[in-house]
Amino acid sequence: MDKKADYKIFGKKVFFLYPSFTFQSLVIDRLRTLEYEVYILNDYKIVKNILLKNPDSLLYINIDANFNANAWINFIQSIEDSAERYGNCKIGIFSEKTPPDTVKRFDKEILHEADNITLSYDWDENFHAVVKLLDKHETKGMRQYVRTTCKKDGTAEVFWLERDRMFKFKLIDISSTGLAVKIPEKMAAQLHPGQLLKDISLMLRGTVFKINASIFALKPGNPFFTGVFMIQNDTDKSAIESIRIYISETLYRLVEDSIFGMQIDRTDYTLDKVVKK
């Protein structure tokens with residue numbers, strides 16, 4: 001599968017660099033409920049490494065934070081001047097308080113192919129504007145739900161008691177609507193597609209949540225069956241939100257792991273002339 005086909009199916013990662021607390025709570029958190037794969041970054045020094053590892057992603061920079069306009073233009077130009085290194089990554093900017101004349105400087109001096117996000121005092125309007133922009137750049141792809149692997153979480157499992165017997169299965173992966181689990185062959189015979197499971201326990205990183213689920217499919221394998229469980233709509237909303245938080249945190253850890261050991265960006269972008277790297 002080529003990279004273009006890959007993001008058409010699985011969507012694109014969207015990184016927000018230095019978002020304000022308000023932007024995080026009123027835009028990013030809501031984007032996650034709509035199943036956009038979004039990340040918060042708070043260190044420009046790791047951005048280039050992340051873009052190298054995540055071609056086709058989008059990066060939005062809060063130009064109100066950390067640097068002045070000159071330094072941000074230097075930073076963005078240093079990425080755009082080496083665009084071939086970063087695949088098809090696109091950069092955009094967002095601002096709550098940067099003067100319009102300064103924003104126009106960015107329009108003239110950088111490409112920012114992911115566009116500008118100009119924020120107003122109406123945060124509902126801001127949210128819908130961001131959604132429209134992300135849809136323009138096809139960030140969701142054909143995938144409906146963001147999913148993460150549970151391989152590095154030794155505690156991730158689902159369990160329940162039925163007829164004095166404990167059923168306990170390790171999680172393979174999870175989304176806000178379903179999960180895949182490893183089922184020993186001898187236990188698979190006691191389960192069946194369509195079976196409803198009420199108030200079962202889902203453990204994620206040592207914390208237990210109650211969910212309702214149905215068994216969608218049991219897929220034979222060696223030495224385990226793969227069970228696909230669908231989370232029911234009557235599951236408590238707080239549990240669903242906890243699952244989304246878990247997914248977001250796990251995906252960010254995977255991004256961090258992917259750049260472990262890489263040299264951080266030590267360029268001084270506040271200089272008038274920055275050596276391109």
# chains A, B, ... in the order shown; residues from 1 in each chain; ligands from 1
$ select_by_dssp --residues "region 169-216 of chain A" --states "strand (DSSP E or B)" --output "PyMOL selection string"
chain A and resi 169-174+178-184+196-204+207-216
$ write_last_selection --atoms "N, CA and C atoms" --output "compact mmCIF listing (two decimals), in the first residue's frame"
# COMPACT_ATOMS: atom_id res chain seq x y z
N PHE A 169 -9.52 -11.45 29.52
CA PHE A 169 -8.84 -11.47 28.24
C PHE A 169 -7.96 -10.23 28.07
N LYS A 170 -6.78 -10.41 27.49
CA LYS A 170 -5.87 -9.30 27.21
C LYS A 170 -6.37 -8.52 25.99
N LEU A 171 -6.24 -7.19 26.08
CA LEU A 171 -6.62 -6.34 24.96
C LEU A 171 -5.53 -6.31 23.90
N ILE A 172 -5.96 -6.32 22.64
CA ILE A 172 -5.06 -6.15 21.51
C ILE A 172 -5.05 -4.68 21.09
N ASP A 173 -6.25 -4.13 20.91
CA ASP A 173 -6.37 -2.71 20.60
C ASP A 173 -7.75 -2.23 21.01
N ILE A 174 -7.96 -0.90 20.94
CA ILE A 174 -9.21 -0.34 21.43
C ILE A 174 -9.54 0.97 20.71
N GLY A 178 -15.19 0.07 20.28
CA GLY A 178 -14.96 -1.37 20.31
C GLY A 178 -13.55 -1.73 20.73
N LEU A 179 -13.35 -3.02 20.95
CA LEU A 179 -12.03 -3.51 21.34
C LEU A 179 -11.81 -4.91 20.79
N ALA A 180 -10.54 -5.23 20.59
CA ALA A 180 -10.16 -6.57 20.17
C ALA A 180 -9.39 -7.23 21.31
N VAL A 181 -9.69 -8.50 21.57
CA VAL A 181 -9.08 -9.21 22.70
C VAL A 181 -8.55 -10.56 22.26
N LYS A 182 -7.58 -11.09 23.02
CA LYS A 182 -7.02 -12.41 22.79
C LYS A 182 -7.80 -13.42 23.63
N ILE A 183 -8.34 -14.45 22.98
CA ILE A 183 -9.15 -15.45 23.68
C ILE A 183 -8.56 -16.84 23.46
N PRO A 184 -8.19 -17.53 24.54
CA PRO A 184 -7.71 -18.91 24.39
C PRO A 184 -8.78 -19.77 23.70
N LEU A 196 -24.51 -10.59 24.66
CA LEU A 196 -24.45 -9.32 25.37
C LEU A 196 -23.73 -9.49 26.69
N LEU A 197 -22.87 -8.55 27.00
CA LEU A 197 -22.09 -8.59 28.23
C LEU A 197 -22.35 -7.29 29.00
N LYS A 198 -23.07 -7.40 30.12
CA LYS A 198 -23.46 -6.22 30.90
C LYS A 198 -22.50 -5.98 32.05
N ASP A 199 -22.15 -4.71 32.24
CA ASP A 199 -21.32 -4.30 33.38
C ASP A 199 -20.03 -5.10 33.49
N ILE A 200 -19.36 -5.30 32.38
CA ILE A 200 -18.06 -5.97 32.44
C ILE A 200 -16.99 -4.93 32.76
N SER A 201 -15.87 -5.39 33.25
CA SER A 201 -14.81 -4.49 33.69
C SER A 201 -13.73 -4.36 32.63
N LEU A 202 -13.41 -3.13 32.31
CA LEU A 202 -12.34 -2.82 31.37
C LEU A 202 -11.22 -2.14 32.15
N MET A 203 -10.02 -2.74 32.13
CA MET A 203 -8.89 -2.15 32.83
C MET A 203 -7.92 -1.54 31.83
N LEU A 204 -7.63 -0.25 32.03
CA LEU A 204 -6.70 0.48 31.18
C LEU A 204 -5.70 1.20 32.06
N THR A 207 -6.56 1.34 35.81
CA THR A 207 -7.85 1.88 36.23
C THR A 207 -8.97 1.07 35.60
N VAL A 208 -10.00 0.76 36.40
CA VAL A 208 -11.10 -0.09 35.93
C VAL A 208 -12.34 0.76 35.62
N PHE A 209 -12.95 0.48 34.47
CA PHE A 209 -14.19 1.14 34.05
C PHE A 209 -15.22 0.07 33.75
N LYS A 210 -16.47 0.37 34.00
CA LYS A 210 -17.56 -0.54 33.66
C LYS A 210 -18.12 -0.19 32.29
N ILE A 211 -18.24 -1.20 31.42
CA ILE A 211 -18.82 -0.99 30.11
C ILE A 211 -19.82 -2.10 29.80
N ASN A 212 -20.70 -1.83 28.88
CA ASN A 212 -21.58 -2.84 28.31
C ASN A 212 -21.12 -3.11 26.88
N ALA A 213 -21.07 -4.37 26.50
CA ALA A 213 -20.55 -4.72 25.18
C ALA A 213 -21.29 -5.90 24.60
N SER A 214 -21.15 -6.06 23.31
CA SER A 214 -21.66 -7.26 22.64
C SER A 214 -20.52 -7.87 21.85
N ILE A 215 -20.54 -9.18 21.70
CA ILE A 215 -19.50 -9.86 20.92
C ILE A 215 -19.89 -9.79 19.45
N PHE A 216 -19.07 -9.08 18.68
CA PHE A 216 -19.36 -8.90 17.26
C PHE A 216 -18.84 -10.06 16.44
$ residues_around --residues "Ile61 (chain A)" --least-positions-apart "4" --cutoff "10 Å" --atoms "only C-alpha atoms" --output "VMD selection string"
chain A and resid 15 to 19 41 44 65 72 76 91 to 95 112 116 to 117
$ write_last_selection --atoms "all heavy atoms" --output "compact mmCIF listing (two decimals), in the first residue's frame"
# COMPACT_ATOMS: atom_id res chain seq x y z
N PHE A 15 -1.10 17.92 14.51
CA PHE A 15 -0.34 18.38 15.67
C PHE A 15 -0.60 19.86 15.90
O PHE A 15 -0.53 20.66 14.96
CB PHE A 15 1.16 18.16 15.46
CG PHE A 15 1.55 16.72 15.29
CD1 PHE A 15 1.73 16.18 14.02
CD2 PHE A 15 1.71 15.89 16.39
CE1 PHE A 15 2.08 14.85 13.86
CE2 PHE A 15 2.06 14.56 16.24
CZ PHE A 15 2.24 14.03 14.97
N PHE A 16 -0.89 20.24 17.16
CA PHE A 16 -1.06 21.63 17.54
C PHE A 16 0.09 22.00 18.47
O PHE A 16 0.22 21.41 19.56
CB PHE A 16 -2.40 21.86 18.24
CG PHE A 16 -3.59 21.73 17.32
CD1 PHE A 16 -4.29 20.53 17.22
CD2 PHE A 16 -4.00 22.80 16.55
CE1 PHE A 16 -5.39 20.41 16.38
CE2 PHE A 16 -5.09 22.69 15.69
CZ PHE A 16 -5.78 21.50 15.61
N LEU A 17 0.92 22.96 18.04
CA LEU A 17 2.08 23.37 18.82
C LEU A 17 1.74 24.58 19.68
O LEU A 17 1.30 25.60 19.16
CB LEU A 17 3.24 23.70 17.87
CG LEU A 17 4.55 24.16 18.52
CD1 LEU A 17 5.11 23.08 19.46
CD2 LEU A 17 5.57 24.52 17.44
N TYR A 18 1.92 24.44 20.99
CA TYR A 18 1.67 25.48 21.99
C TYR A 18 0.22 25.98 22.01
O TYR A 18 -0.02 27.20 22.05
CB TYR A 18 2.61 26.67 21.77
CG TYR A 18 4.07 26.35 21.94
CD1 TYR A 18 4.98 26.61 20.91
CD2 TYR A 18 4.56 25.80 23.12
CE1 TYR A 18 6.33 26.33 21.05
CE2 TYR A 18 5.91 25.50 23.27
CZ TYR A 18 6.78 25.76 22.23
OH TYR A 18 8.13 25.48 22.37
N PRO A 19 -0.77 25.11 21.96
CA PRO A 19 -2.15 25.60 22.09
C PRO A 19 -2.40 26.13 23.50
O PRO A 19 -1.86 25.61 24.47
CB PRO A 19 -3.00 24.36 21.82
CG PRO A 19 -2.13 23.22 22.27
CD PRO A 19 -0.73 23.64 21.91
N LEU A 41 1.53 19.48 21.25
CA LEU A 41 2.98 19.56 21.40
C LEU A 41 3.33 20.84 22.15
O LEU A 41 2.76 21.90 21.89
CB LEU A 41 3.67 19.58 20.03
CG LEU A 41 3.40 18.38 19.09
CD1 LEU A 41 4.14 18.59 17.78
CD2 LEU A 41 3.81 17.08 19.76
N TYR A 44 9.01 23.06 20.63
CA TYR A 44 9.33 23.17 19.20
C TYR A 44 10.56 22.34 18.83
O TYR A 44 10.74 21.97 17.67
CB TYR A 44 9.57 24.65 18.83
CG TYR A 44 10.92 25.18 19.26
CD1 TYR A 44 12.02 25.13 18.39
CD2 TYR A 44 11.12 25.73 20.53
CE1 TYR A 44 13.26 25.60 18.78
CE2 TYR A 44 12.35 26.20 20.91
CZ TYR A 44 13.42 26.13 20.05
OH TYR A 44 14.65 26.59 20.43
N ALA A 65 2.61 32.25 20.94
CA ALA A 65 3.36 31.64 22.04
C ALA A 65 4.84 31.47 21.71
O ALA A 65 5.22 31.26 20.55
CB ALA A 65 2.76 30.27 22.38
N TRP A 72 9.26 32.79 14.45
CA TRP A 72 8.34 31.78 13.91
C TRP A 72 8.48 31.68 12.38
O TRP A 72 8.42 30.58 11.82
CB TRP A 72 6.89 32.09 14.29
CG TRP A 72 6.49 31.60 15.65
CD1 TRP A 72 5.87 32.30 16.63
CD2 TRP A 72 6.68 30.27 16.18
NE1 TRP A 72 5.66 31.51 17.75
CE2 TRP A 72 6.14 30.26 17.49
CE3 TRP A 72 7.26 29.10 15.69
CZ2 TRP A 72 6.18 29.13 18.30
CZ3 TRP A 72 7.28 27.97 16.50
CH2 TRP A 72 6.74 27.99 17.78
N ILE A 76 9.38 28.22 10.50
CA ILE A 76 8.53 27.63 9.46
C ILE A 76 9.27 27.56 8.13
O ILE A 76 9.20 26.55 7.40
CB ILE A 76 7.21 28.43 9.33
CG1 ILE A 76 6.41 28.31 10.63
CG2 ILE A 76 6.38 27.92 8.15
CD1 ILE A 76 5.22 29.26 10.71
N ILE A 91 1.96 22.82 6.99
CA ILE A 91 2.02 23.68 8.16
C ILE A 91 0.94 24.76 8.07
O ILE A 91 0.71 25.33 7.01
CB ILE A 91 3.40 24.34 8.31
CG1 ILE A 91 4.48 23.27 8.48
CG2 ILE A 91 3.43 25.31 9.49
CD1 ILE A 91 5.88 23.82 8.50
N GLY A 92 0.31 25.03 9.21
CA GLY A 92 -0.64 26.13 9.32
C GLY A 92 -0.34 26.90 10.59
O GLY A 92 0.47 26.49 11.42
N ILE A 93 -0.99 28.04 10.75
CA ILE A 93 -0.81 28.84 11.95
C ILE A 93 -2.16 29.15 12.56
O ILE A 93 -3.19 29.13 11.89
CB ILE A 93 -0.05 30.15 11.66
CG1 ILE A 93 -0.82 31.01 10.67
CG2 ILE A 93 1.36 29.86 11.15
CD1 ILE A 93 -0.19 32.40 10.44
N PHE A 94 -2.15 29.44 13.87
CA PHE A 94 -3.36 29.94 14.51
C PHE A 94 -2.98 30.97 15.55
O PHE A 94 -1.86 31.00 16.05
CB PHE A 94 -4.22 28.81 15.09
CG PHE A 94 -3.58 28.03 16.22
CD1 PHE A 94 -3.97 28.25 17.54
CD2 PHE A 94 -2.64 27.03 15.97
CE1 PHE A 94 -3.42 27.52 18.58
CE2 PHE A 94 -2.08 26.29 17.01
CZ PHE A 94 -2.48 26.54 18.33
N SER A 95 -3.94 31.85 15.84
CA SER A 95 -3.64 32.98 16.73
C SER A 95 -4.92 33.50 17.36
O SER A 95 -5.98 33.53 16.71
CB SER A 95 -2.96 34.10 15.94
OG SER A 95 -2.88 35.27 16.70
N HIS A 112 2.61 28.09 4.45
CA HIS A 112 1.61 27.53 5.38
C HIS A 112 0.42 26.91 4.62
O HIS A 112 -0.70 27.38 4.65
CB HIS A 112 1.17 28.52 6.45
CG HIS A 112 0.67 29.86 5.96
ND1 HIS A 112 -0.56 30.03 5.41
CD2 HIS A 112 1.23 31.09 6.00
CE1 HIS A 112 -0.75 31.31 5.12
NE2 HIS A 112 0.33 31.97 5.47
N ASN A 116 -4.52 29.31 7.65
CA ASN A 116 -4.56 30.04 8.91
C ASN A 116 -5.83 29.72 9.68
O ASN A 116 -6.89 29.52 9.07
CB ASN A 116 -4.57 31.56 8.67
CG ASN A 116 -3.27 32.06 8.06
OD1 ASN A 116 -2.31 31.31 7.97
ND2 ASN A 116 -3.26 33.31 7.66
N ILE A 117 -5.73 29.69 10.99
CA ILE A 117 -6.90 29.62 11.85
C ILE A 117 -6.94 30.93 12.64
O ILE A 117 -6.12 31.16 13.52
CB ILE A 117 -6.86 28.44 12.83
CG1 ILE A 117 -6.71 27.11 12.08
CG2 ILE A 117 -8.09 28.42 13.72
CD1 ILE A 117 -6.44 25.93 12.99
$ select_by_dssp --residues "region 38-255 of chain A" --states "helix (DSSP H, G or I)" --output "ChimeraX atom specification"
/A:44-53,69-80,83-86,100-109,123-136,185-188,237-255
$ closest_residue --among "A:Met262, A:Leu251, A:Leu52, A:Val38" --to "Lys152 (chain A)" --atoms "only C-alpha atoms"
A:Leu251
$ closest_residue --among "A:Asp272, A:Glu96, A:Asp115, A:Glu185" --to "Ile73 (chain A)" --atoms "only C-alpha atoms"
A:Asp272
$ atom_distance --atom1 "CA of Gln263 (chain A)" --atom2 "CA of Asn68 (chain A)"
24.3 Å
$ residues_around --residues "region 99-104 of chain A" --least-positions-apart "5" --cutoff "9 Å" --atoms "only C-alpha atoms" --output "ChimeraX atom specification"
/A:63,69,109,116
$ residues_around --residues "Asn88 (chain A)" --least-positions-apart "4" --cutoff "8 Å" --atoms "only C-alpha atoms" --output "PyMOL selection string"
chain A and resi 55-57+83-84
$ decode --residues "region 127-163 of chain A" --atoms "N, CA and C atoms" --output "JSON list (two decimals), in the first residue's frame"
[["chain", "number", "residue", "atom", "x", "y", "z"],
["A", 127, "PHE", "N", -14.46, 26.35, 16.88],
["A", 127, "PHE", "CA", -14.44, 24.89, 16.76],
["A", 127, "PHE", "C", -14.93, 24.46, 15.38],
["A", 128, "HIS", "N", -16.04, 25.00, 14.95],
["A", 128, "HIS", "CA", -16.59, 24.60, 13.65],
["A", 128, "HIS", "C", -15.67, 25.03, 12.50],
["A", 129, "ALA", "N", -14.97, 26.15, 12.67],
["A", 129, "ALA", "CA", -14.03, 26.59, 11.64],
["A", 129, "ALA", "C", -12.86, 25.62, 11.53],
["A", 130, "VAL", "N", -12.38, 25.12, 12.68],
["A", 130, "VAL", "CA", -11.28, 24.16, 12.67],
["A", 130, "VAL", "C", -11.72, 22.84, 12.03],
["A", 131, "VAL", "N", -12.92, 22.38, 12.39],
["A", 131, "VAL", "CA", -13.44, 21.14, 11.80],
["A", 131, "VAL", "C", -13.52, 21.28, 10.27],
["A", 132, "LYS", "N", -14.03, 22.40, 9.81],
["A", 132, "LYS", "CA", -14.13, 22.63, 8.36],
["A", 132, "LYS", "C", -12.76, 22.58, 7.70],
["A", 133, "LEU", "N", -11.77, 23.16, 8.37],
["A", 133, "LEU", "CA", -10.42, 23.18, 7.82],
["A", 133, "LEU", "C", -9.81, 21.78, 7.79],
["A", 134, "LEU", "N", -9.98, 21.02, 8.86],
["A", 134, "LEU", "CA", -9.43, 19.66, 8.89],
["A", 134, "LEU", "C", -10.10, 18.77, 7.85],
["A", 135, "ASP", "N", -11.38, 18.97, 7.64],
["A", 135, "ASP", "CA", -12.08, 18.20, 6.61],
["A", 135, "ASP", "C", -11.58, 18.58, 5.21],
["A", 136, "LYS", "N", -11.28, 19.84, 5.03],
["A", 136, "LYS", "CA", -10.72, 20.29, 3.75],
["A", 136, "LYS", "C", -9.43, 19.55, 3.43],
["A", 137, "HIS", "N", -8.64, 19.28, 4.46],
["A", 137, "HIS", "CA", -7.37, 18.59, 4.27],
["A", 137, "HIS", "C", -7.48, 17.08, 4.45],
["A", 138, "GLU", "N", -8.69, 16.57, 4.47],
["A", 138, "GLU", "CA", -8.97, 15.12, 4.49],
["A", 138, "GLU", "C", -8.25, 14.40, 5.63],
["A", 139, "THR", "N", -8.29, 14.99, 6.82],
["A", 139, "THR", "CA", -7.54, 14.41, 7.93],
["A", 139, "THR", "C", -8.16, 13.13, 8.48],
["A", 140, "LYS", "N", -9.46, 12.92, 8.29],
["A", 140, "LYS", "CA", -10.08, 11.73, 8.86],
["A", 140, "LYS", "C", -9.93, 10.51, 7.96],
["A", 141, "GLY", "N", -9.75, 10.72, 6.68],
["A", 141, "GLY", "CA", -9.68, 9.58, 5.77],
["A", 141, "GLY", "C", -11.00, 8.81, 5.79],
["A", 142, "MET", "N", -10.92, 7.52, 5.49],
["A", 142, "MET", "CA", -12.11, 6.68, 5.50],
["A", 142, "MET", "C", -12.38, 6.09, 6.88],
["A", 143, "ARG", "N", -11.38, 6.20, 7.76],
["A", 143, "ARG", "CA", -11.51, 5.64, 9.10],
["A", 143, "ARG", "C", -12.55, 6.42, 9.90],
["A", 144, "GLN", "N", -13.44, 5.73, 10.59],
["A", 144, "GLN", "CA", -14.47, 6.40, 11.39],
["A", 144, "GLN", "C", -14.02, 6.64, 12.82],
["A", 145, "TYR", "N", -13.16, 5.76, 13.36],
["A", 145, "TYR", "CA", -12.80, 5.86, 14.77],
["A", 145, "TYR", "C", -11.29, 5.71, 14.95],
["A", 146, "VAL", "N", -10.74, 6.53, 15.85],
["A", 146, "VAL", "CA", -9.32, 6.46, 16.17],
["A", 146, "VAL", "C", -9.09, 5.25, 17.07],
["A", 147, "ARG", "N", -8.09, 4.47, 16.75],
["A", 147, "ARG", "CA", -7.81, 3.23, 17.47],
["A", 147, "ARG", "C", -6.34, 3.21, 17.89],
["A", 148, "THR", "N", -6.05, 2.58, 19.02],
["A", 148, "THR", "CA", -4.66, 2.43, 19.43],
["A", 148, "THR", "C", -4.39, 1.00, 19.86],
["A", 149, "THR", "N", -3.15, 0.58, 19.67],
["A", 149, "THR", "CA", -2.72, -0.71, 20.16],
["A", 149, "THR", "C", -2.58, -0.68, 21.68],
["A", 150, "CYS", "N", -2.73, -1.83, 22.32],
["A", 150, "CYS", "CA", -2.55, -1.95, 23.77],
["A", 150, "CYS", "C", -1.34, -2.81, 24.12],
["A", 151, "LYS", "N", -0.47, -3.04, 23.15],
["A", 151, "LYS", "CA", 0.64, -3.97, 23.34],
["A", 151, "LYS", "C", 1.56, -3.56, 24.49],
["A", 152, "LYS", "N", 1.75, -2.25, 24.69],
["A", 152, "LYS", "CA", 2.68, -1.80, 25.72],
["A", 152, "LYS", "C", 2.03, -1.56, 27.07],
["A", 153, "ASP", "N", 0.75, -1.86, 27.17],
["A", 153, "ASP", "CA", 0.04, -1.72, 28.45],
["A", 153, "ASP", "C", -0.22, -3.11, 29.01],
["A", 154, "GLY", "N", 0.63, -3.52, 29.93],
["A", 154, "GLY", "CA", 0.49, -4.86, 30.50],
["A", 154, "GLY", "C", -0.76, -5.07, 31.31],
["A", 155, "THR", "N", -1.42, -3.98, 31.71],
["A", 155, "THR", "CA", -2.65, -4.10, 32.51],
["A", 155, "THR", "C", -3.91, -4.12, 31.67],
["A", 156, "ALA", "N", -3.80, -3.85, 30.37],
["A", 156, "ALA", "CA", -5.00, -3.67, 29.55],
["A", 156, "ALA", "C", -5.71, -5.01, 29.34],
["A", 157, "GLU", "N", -6.90, -5.11, 29.91],
["A", 157, "GLU", "CA", -7.66, -6.35, 29.80],
["A", 157, "GLU", "C", -9.14, -6.07, 30.07],
["A", 158, "VAL", "N", -9.95, -7.04, 29.73],
["A", 158, "VAL", "CA", -11.37, -6.99, 30.04],
["A", 158, "VAL", "C", -11.72, -8.27, 30.79],
["A", 159, "PHE", "N", -12.58, -8.14, 31.81],
["A", 159, "PHE", "CA", -12.92, -9.33, 32.59],
["A", 159, "PHE", "C", -14.32, -9.20, 33.19],
["A", 160, "TRP", "N", -14.92, -10.35, 33.45],
["A", 160, "TRP", "CA", -16.24, -10.40, 34.09],
["A", 160, "TRP", "C", -16.45, -11.78, 34.68],
["A", 161, "LEU", "N", -17.43, -11.86, 35.59],
["A", 161, "LEU", "CA", -17.77, -13.12, 36.25],
["A", 161, "LEU", "C", -19.11, -13.61, 35.71],
["A", 162, "GLU", "N", -19.14, -14.86, 35.30],
["A", 162, "GLU", "CA", -20.37, -15.44, 34.75],
["A", 162, "GLU", "C", -20.48, -16.89, 35.20],
["A", 163, "ARG", "N", -21.57, -17.20, 35.90],
["A", 163, "ARG", "CA", -21.81, -18.55, 36.43],
["A", 163, "ARG", "C", -20.60, -19.02, 37.24]]
